[in-house]
Amino acid sequence: MQMLCKIISVLFFFYASSVMAEVDFEKLAKSKWIKLTTKDFELITDADEKTARYILNDLESFRYFTIDLMKLNVIPGLPPLKILALEKSKNFNALDLPDNWAGFFTLNIHGYAAIANVGNYRNNLKAANFARHTLLHEYVHHLTKFTYTTFNYPKWFEEGYAEYMATFSFDGKDVFLGNAKSIQYRVPSLFNGVGGLVFDSKKLLTTTALDMESSKMRDQIWVSQFYAQSFFLVHFLNASDERKAALNQYLVDLNSGYPQDLAFQRAFKMSYEELDKAVKSYLTKGMQMRIFSAKSGSFTFPVIEPVVTQLESATFYTELPSILLSSGALDEKEREQLITTAIKLNPANIDLKVLALAQIHNPTWNELKAEVEKVAPEHPMLLAIKGDELYFQADMLRQSGEMNWQETMKKSRSFYRRAIKLNPFLPRAYLGLGKAYDFLPATEPLQEGAAGYEYASLYEREGFIFANYADMYIRADKPLDALPIVRNTVAFARGTPDETYTAILNNLEFMEALQAATPPQKTAAGMLYGNGCVYEGPLKNDKPDGTGKMTHPNGSYYQGTFVNGIMHGQGKLVSSQGLVYQGEFKQGVMKGSGRIDHVVRNGFQSYYEGEVYYGMPQGKGKLVTEKGSYTGDYWYSWRHGQGEYHSADGKITLKGQWNYQRFVWPEETGEIFIGGYDDAGLRHGFGFCRKGNRVEPCEYKNSRRVVVTAAH
């Protein structure tokens with residue numbers, strides 16, 4: 001246990017936004033800094049030039065190995081990764097990171113960057129090197145985020161794979177992965193107080209978050225065990241082709257909406273306890289490193305000659321914001337302090353001023369914006385910011401029921417287009433472009449909105465981003481184009497995935513199986529398709545035709561009519577989550593009229609009856625929930641149009657116009673409120689107030705307008 005406590009104090013790696021506090025920018029700026037630039041990296045470090053070249057050379061060698069030799073399918077042409085590599089402990093301490101961190105990689109709509117402690121860096125690819133391991137670990141996070149296949153990797157795999165790949169070593173001839181000496185400081189955490197080997201795969205595989213800052217001993221012990229177990233499980237699964245295939249199947253199933261236990265059973269075909277036993281045996285009876293040998297001779301890694309720039313204090317301040325601000329870690333005061341100082345030292349740097357507009361809001365914002373517009377009216381980020389301003393105006397008009405909102409939204413779109421044309425690597429502009437199409441009619445080029453969301457989703461891996469992305473294809477009635485995006489919507493959902501998108505996913509997976517180029521196999525059970533779906537029923541020209549049943553391995557099924565190999569007519573789809581749709585199918589999709597029985601919650605079965613489009617209320621229908629019922633018009637599940645709501649207790653009746661889920665209250669004192677209601681049926685909550693041509697956000701409580709108390 002004493003050794004275990006020592007191990008816990010060792011710095012950990014992780015991928016997330018950090019939690020910096022009281023960063024000492026002045027102390028950082030006083031050091032000597034150097035910048036090394038190549039096509040793929042911008043390395044900013046306080047190390048001497050010789051060491052800096054070693055560091056960059058190792059990064060380039062590792063990149064060559066993963067992409068050129070291992071053929072990792074990474075998206076090419078992206079902006080270089082900025083890395084702040086700190087060799088001096090005083091500079092690493094100036095960041096005021098939690099005591100147990102060695103570095104991190106951050107990715108969000110502002111960009112990406114990495115920070116790593118590279119103290120005592122040694123250029124010796126044959127030997128274990130903590131500093132290089134730290135650096136490569138964070139770079140692996142970057143690589144896995146930018147492959148063509150978008151996966152939401154479980155946390156244990158994300159961290160374990162980064163640890164495993166960071167063991168990269170080269171003996172002058174062959175490349176090795178999996179040398180446990182690189183992480184030997186973690187090994188003691190695999191043992192309990194009496195020397196027994198600890199491995200809990202069920203807990204490991206179901207862990208979604210770690211409390212990295214907890215001072216509780218049990219939390220710290222688990223963090224240490226988590227990283228050790230993750231590394232060794234990835235090591236075990238990569239030791240044979242069979243286990244690697246099982247791992248891949250497991251990850252694919254998780255990202256296709258399979259529940260954890262079912263995905264585990266399908267892939268590994270054993271219990272968690274049996275996996276624990278197998279891993280322990282592997283650790284005690286001999287681990288196997290992966291060895292990569294050249295077809296002839298030895299591997300030759302390219303030598304990349306970087307552009308080397310010495311950074312003075314003022315110049316260093318131009319580099320620091322793009323790294324620290326992309327982390328999303330600085331508080332408002334620190335952001336303003338950093339940018340204000342950087343601008344003061346570099347008054348002619350327009351990029352810093354535009355960054356200030358994008359990151360901080362203070363009384364001088366409009367003044368600064370006017371200055372930037374005068375000097376650089378076509379700066380891409382400025383155009384994106386102006387697009388955002390118009391977007392919010394248009395969206396407020398839309399939510400308030402104004403009819404001319406589309407024209408303002410199209411103006412915002414033009415700014416995003418101009419920004420992207422000038423800088424094709426500006427995720428903020430792509431996100432704005434996607435959002436501009438959320439409510440525009442399907443007669444607009446929705447494919448452009450989908451393209452905006454596609455690029456933005458590389459940086460912002462959130463379920464709602466993928467949901468909006470998928471909606472572009474759904475509204476354009478392109479189901480199989482929507483399928484991979486709906487998978488991401490379910491995979492990246494926070495908590496339990498939305499049951500509607502799960503049902504859409506199951507529906508589209510049946511379509512994919514039925515329309516696959518590879519013909520199904522005839523078995524005793526029926527027709528077996530490539531994704532594991534099984535059809536039972538009549539056939540015509542070897543295609544389902546008539547009344548039959550199709551079952552997916554995840555438990556969902558369709559039972560109803562098929563026409564020429566497509567679900568068409570009346571049918572019933574039961575999703576893997578339990579949602580049930582009964583009604584019309586048109587060309588394979590839940591369309592027409594039908595009934596949706598939602599998953600039972602709190603003992604109550606909510607249901608919808610009426611017109612549907614891809615399993616969503618669209619048109620006229622009735623929804624009954626535990627709180628009450630609404631009968632009227634819908635727009636993609638939103639109450640929108642004429643409708644009537646009755647609360648379950650009979651105390652509330654609201655009849656009239658609805659606007660994107662909000663009720664349009666009758667005019668009162670010359671003002672119309674578009675918003676919600678309380679349990680007494682009175683105006684309540686945040687919404688929009690319209691009086692003549694004036695529209696503004698507003699808030700009501702107990703039917704009285706109050707000052708808006710919070711951001712919405």
# chains A, B, ... in the order shown; residues from 1 in each chain; ligands from 1

$ residues_around --residues "A:Tyr581" --least-positions-apart "4" --cutoff "10 Å" --atoms "only C-alpha atoms" --output "PyMOL selection string"
chain A and resi 503+558+571-575+590+594-598+607-609+615

$ write_last_selection --atoms "all heavy atoms" --output "CSV table (one decimal), in the first residue's frame"
chain,number,residue,atom,x,y,z
A,503,ALA,N,-34.7,4.7,-32.7
A,503,ALA,CA,-35.7,4.0,-33.6
A,503,ALA,C,-35.3,4.3,-35.1
A,503,ALA,O,-35.4,3.4,-35.9
A,503,ALA,CB,-37.1,4.4,-33.3
A,558,TYR,N,-38.6,-5.5,-37.2
A,558,TYR,CA,-39.7,-5.0,-38.1
A,558,TYR,C,-40.6,-6.2,-38.4
A,558,TYR,O,-40.1,-7.2,-38.9
A,558,TYR,CB,-39.2,-4.3,-39.3
A,558,TYR,CG,-40.3,-4.1,-40.3
A,558,TYR,CD1,-41.1,-2.9,-40.2
A,558,TYR,CD2,-40.5,-4.9,-41.4
A,558,TYR,CE1,-42.1,-2.7,-41.2
A,558,TYR,CE2,-41.5,-4.7,-42.3
A,558,TYR,CZ,-42.3,-3.6,-42.2
A,558,TYR,OH,-43.3,-3.4,-43.1
A,571,GLY,N,-46.8,-1.8,-41.1
A,571,GLY,CA,-45.8,-2.6,-40.3
A,571,GLY,C,-45.6,-2.1,-38.9
A,571,GLY,O,-46.2,-1.1,-38.5
A,572,LYS,N,-44.8,-2.8,-38.2
A,572,LYS,CA,-44.5,-2.5,-36.8
A,572,LYS,C,-43.0,-2.6,-36.6
A,572,LYS,O,-42.4,-3.6,-36.9
A,572,LYS,CB,-45.3,-3.5,-35.9
A,572,LYS,CG,-44.9,-3.4,-34.4
A,572,LYS,CD,-45.7,-4.5,-33.6
A,572,LYS,CE,-45.4,-4.4,-32.1
A,572,LYS,NZ,-46.1,-5.5,-31.3
A,573,LEU,N,-42.5,-1.6,-36.0
A,573,LEU,CA,-41.0,-1.6,-35.7
A,573,LEU,C,-40.9,-1.4,-34.2
A,573,LEU,O,-41.4,-0.4,-33.6
A,573,LEU,CB,-40.3,-0.4,-36.4
A,573,LEU,CG,-38.8,-0.5,-36.3
A,573,LEU,CD1,-38.1,0.0,-37.6
A,573,LEU,CD2,-38.3,0.4,-35.1
A,574,VAL,N,-40.2,-2.3,-33.6
A,574,VAL,CA,-39.9,-2.3,-32.2
A,574,VAL,C,-38.4,-2.0,-32.1
A,574,VAL,O,-37.5,-2.8,-32.5
A,574,VAL,CB,-40.2,-3.6,-31.4
A,574,VAL,CG1,-39.8,-3.5,-30.0
A,574,VAL,CG2,-41.7,-3.9,-31.6
A,575,SER,N,-38.0,-0.8,-31.5
A,575,SER,CA,-36.6,-0.5,-31.4
A,575,SER,C,-35.9,-1.2,-30.3
A,575,SER,O,-36.5,-1.8,-29.4
A,575,SER,CB,-36.5,1.1,-31.2
A,575,SER,OG,-36.6,1.4,-29.9
A,590,MET,N,-40.3,5.0,-41.9
A,590,MET,CA,-41.5,5.3,-41.1
A,590,MET,C,-42.1,6.6,-41.6
A,590,MET,O,-41.7,7.6,-41.1
A,590,MET,CB,-41.2,5.3,-39.6
A,590,MET,CG,-40.7,4.0,-39.0
A,590,MET,SD,-40.2,4.2,-37.2
A,590,MET,CE,-38.7,5.0,-37.3
A,594,GLY,N,-49.4,6.9,-38.3
A,594,GLY,CA,-49.1,5.8,-37.4
A,594,GLY,C,-49.2,6.2,-36.0
A,594,GLY,O,-49.6,7.3,-35.6
A,595,ARG,N,-48.8,5.2,-35.1
A,595,ARG,CA,-48.8,5.4,-33.7
A,595,ARG,C,-47.4,5.1,-33.1
A,595,ARG,O,-46.8,4.1,-33.5
A,595,ARG,CB,-49.9,4.5,-33.0
A,595,ARG,CG,-49.8,4.6,-31.5
A,595,ARG,CD,-50.9,3.8,-30.8
A,595,ARG,NE,-50.7,3.6,-29.4
A,595,ARG,CZ,-51.5,4.0,-28.5
A,595,ARG,NH1,-52.7,4.5,-28.8
A,595,ARG,NH2,-51.3,3.8,-27.2
A,596,ILE,N,-46.9,6.0,-32.2
A,596,ILE,CA,-45.7,5.8,-31.6
A,596,ILE,C,-45.9,5.6,-30.1
A,596,ILE,O,-46.4,6.5,-29.4
A,596,ILE,CB,-44.7,7.0,-31.8
A,596,ILE,CG1,-44.5,7.2,-33.3
A,596,ILE,CG2,-43.4,6.8,-31.1
A,596,ILE,CD1,-43.8,8.5,-33.6
A,597,ASP,N,-45.5,4.4,-29.6
A,597,ASP,CA,-45.6,4.2,-28.1
A,597,ASP,C,-44.2,4.3,-27.6
A,597,ASP,O,-43.3,3.6,-27.9
A,597,ASP,CB,-46.1,2.8,-27.8
A,597,ASP,CG,-47.6,2.7,-28.1
A,597,ASP,OD1,-48.4,3.3,-27.4
A,597,ASP,OD2,-48.0,1.9,-29.0
A,598,HIS,N,-44.0,5.4,-26.8
A,598,HIS,CA,-42.7,5.6,-26.2
A,598,HIS,C,-42.4,4.7,-25.1
A,598,HIS,O,-43.2,4.0,-24.6
A,598,HIS,CB,-42.6,7.1,-25.7
A,598,HIS,CG,-42.8,8.1,-26.8
A,598,HIS,ND1,-41.7,8.5,-27.6
A,598,HIS,CD2,-43.8,8.8,-27.3
A,598,HIS,CE1,-42.1,9.3,-28.5
A,598,HIS,NE2,-43.4,9.6,-28.3
A,607,TYR,N,-47.7,8.3,-25.8
A,607,TYR,CA,-47.9,7.9,-27.1
A,607,TYR,C,-48.3,9.0,-28.0
A,607,TYR,O,-48.7,10.1,-27.6
A,607,TYR,CB,-49.0,6.8,-27.2
A,607,TYR,CG,-50.4,7.2,-26.9
A,607,TYR,CD1,-51.2,7.7,-28.0
A,607,TYR,CD2,-50.9,7.2,-25.7
A,607,TYR,CE1,-52.5,8.1,-27.7
A,607,TYR,CE2,-52.2,7.6,-25.4
A,607,TYR,CZ,-53.0,8.1,-26.5
A,607,TYR,OH,-54.3,8.5,-26.2
A,608,TYR,N,-48.0,8.8,-29.3
A,608,TYR,CA,-48.4,9.8,-30.3
A,608,TYR,C,-49.2,9.1,-31.4
A,608,TYR,O,-48.8,8.0,-31.8
A,608,TYR,CB,-47.2,10.5,-30.9
A,608,TYR,CG,-47.5,11.3,-32.2
A,608,TYR,CD1,-47.9,12.6,-32.1
A,608,TYR,CD2,-47.3,10.7,-33.4
A,608,TYR,CE1,-48.2,13.3,-33.2
A,608,TYR,CE2,-47.6,11.4,-34.6
A,608,TYR,CZ,-48.0,12.8,-34.5
A,608,TYR,OH,-48.3,13.5,-35.6
A,609,GLU,N,-50.2,9.7,-31.9
A,609,GLU,CA,-51.0,9.2,-33.1
A,609,GLU,C,-51.1,10.3,-34.1
A,609,GLU,O,-51.5,11.4,-33.7
A,609,GLU,CB,-52.3,8.7,-32.6
A,609,GLU,CG,-52.3,7.4,-31.9
A,609,GLU,CD,-53.7,6.9,-31.6
A,609,GLU,OE1,-54.5,7.7,-31.0
A,609,GLU,OE2,-54.0,5.7,-31.9
A,615,GLY,N,-40.5,8.6,-38.4
A,615,GLY,CA,-40.8,8.3,-37.0
A,615,GLY,C,-40.9,9.5,-36.1
A,615,GLY,O,-41.1,9.3,-34.9

$ closest_atom_pairs --of "stretch 459-509 of chain A" --to "stretch 637-656 of chain A" --cutoff "12 Å" --atoms "only C-alpha atoms" --output "JSON lines"
{"residue": "A:Asp471", "atom": "CA", "partner": "A:Ser637", "partner_atom": "CA", "distance": 12.0}
{"residue": "A:Thr500", "atom": "CA", "partner": "A:Ser637", "partner_atom": "CA", "distance": 9.9}
{"residue": "A:Tyr501", "atom": "CA", "partner": "A:Ser637", "partner_atom": "CA", "distance": 11.9}

$ select_by_dssp --residues "stretch 293-514 of chain A" --states "strand (DSSP E)" --output "ChimeraX atom specification"
/A:307-311

$ closest_residue --among "A:Leu446, A:Leu539, A:Val375, A:Leu43" --to "A:Ile566" --atoms "only C-alpha atoms"
A:Leu539

$ closest_atom_pairs --of "stretch 183-279 of chain A" --to "stretch 520-534 of chain A" --cutoff "12 Å" --atoms "only C-alpha atoms" --output "tab-separated table"
residue	atom	partner	partner_atom	distance
A:Gln249	CA	A:Asn531	CA	11.4
A:Val252	CA	A:Asn531	CA	11.1
A:Asp253	CA	A:Asn531	CA	10.5
A:Ser256	CA	A:Asn531	CA	10.9
A:Arg266	CA	A:Gly532	CA	11.1

$ write_last_selection --atoms "N, CA and C atoms" --output "JSON list (two decimals), in the first residue's frame"
[["chain", "number", "residue", "atom", "x", "y", "z"],
["A", 249, "GLN", "N", -14.94, -5.37, -33.34],
["A", 249, "GLN", "CA", -16.37, -5.65, -33.35],
["A", 249, "GLN", "C", -17.06, -4.98, -32.17],
["A", 252, "VAL", "N", -17.35, -1.22, -32.87],
["A", 252, "VAL", "CA", -18.37, -0.98, -33.90],
["A", 252, "VAL", "C", -19.76, -1.12, -33.31],
["A", 253, "ASP", "N", -19.98, -2.17, -32.52],
["A", 253, "ASP", "CA", -21.30, -2.39, -31.94],
["A", 253, "ASP", "C", -21.68, -1.28, -30.97],
["A", 256, "SER", "N", -22.88, 1.55, -32.77],
["A", 256, "SER", "CA", -24.11, 1.28, -33.51],
["A", 256, "SER", "C", -25.31, 1.20, -32.58],
["A", 266, "ARG", "N", -21.32, -10.15, -27.65],
["A", 266, "ARG", "CA", -21.20, -10.42, -29.09],
["A", 266, "ARG", "C", -19.74, -10.45, -29.53]]

$ closest_residue --among "A:Lys27, A:His142, A:Lys50, A:Lys691" --to "A:Ala113" --atoms "only C-alpha atoms"
A:His142

$ closest_residue --among "A:Ala429, A:Leu345, A:Ala442, A:Ile304" --to "A:Asp40" --atoms "only C-alpha atoms"
A:Ile304
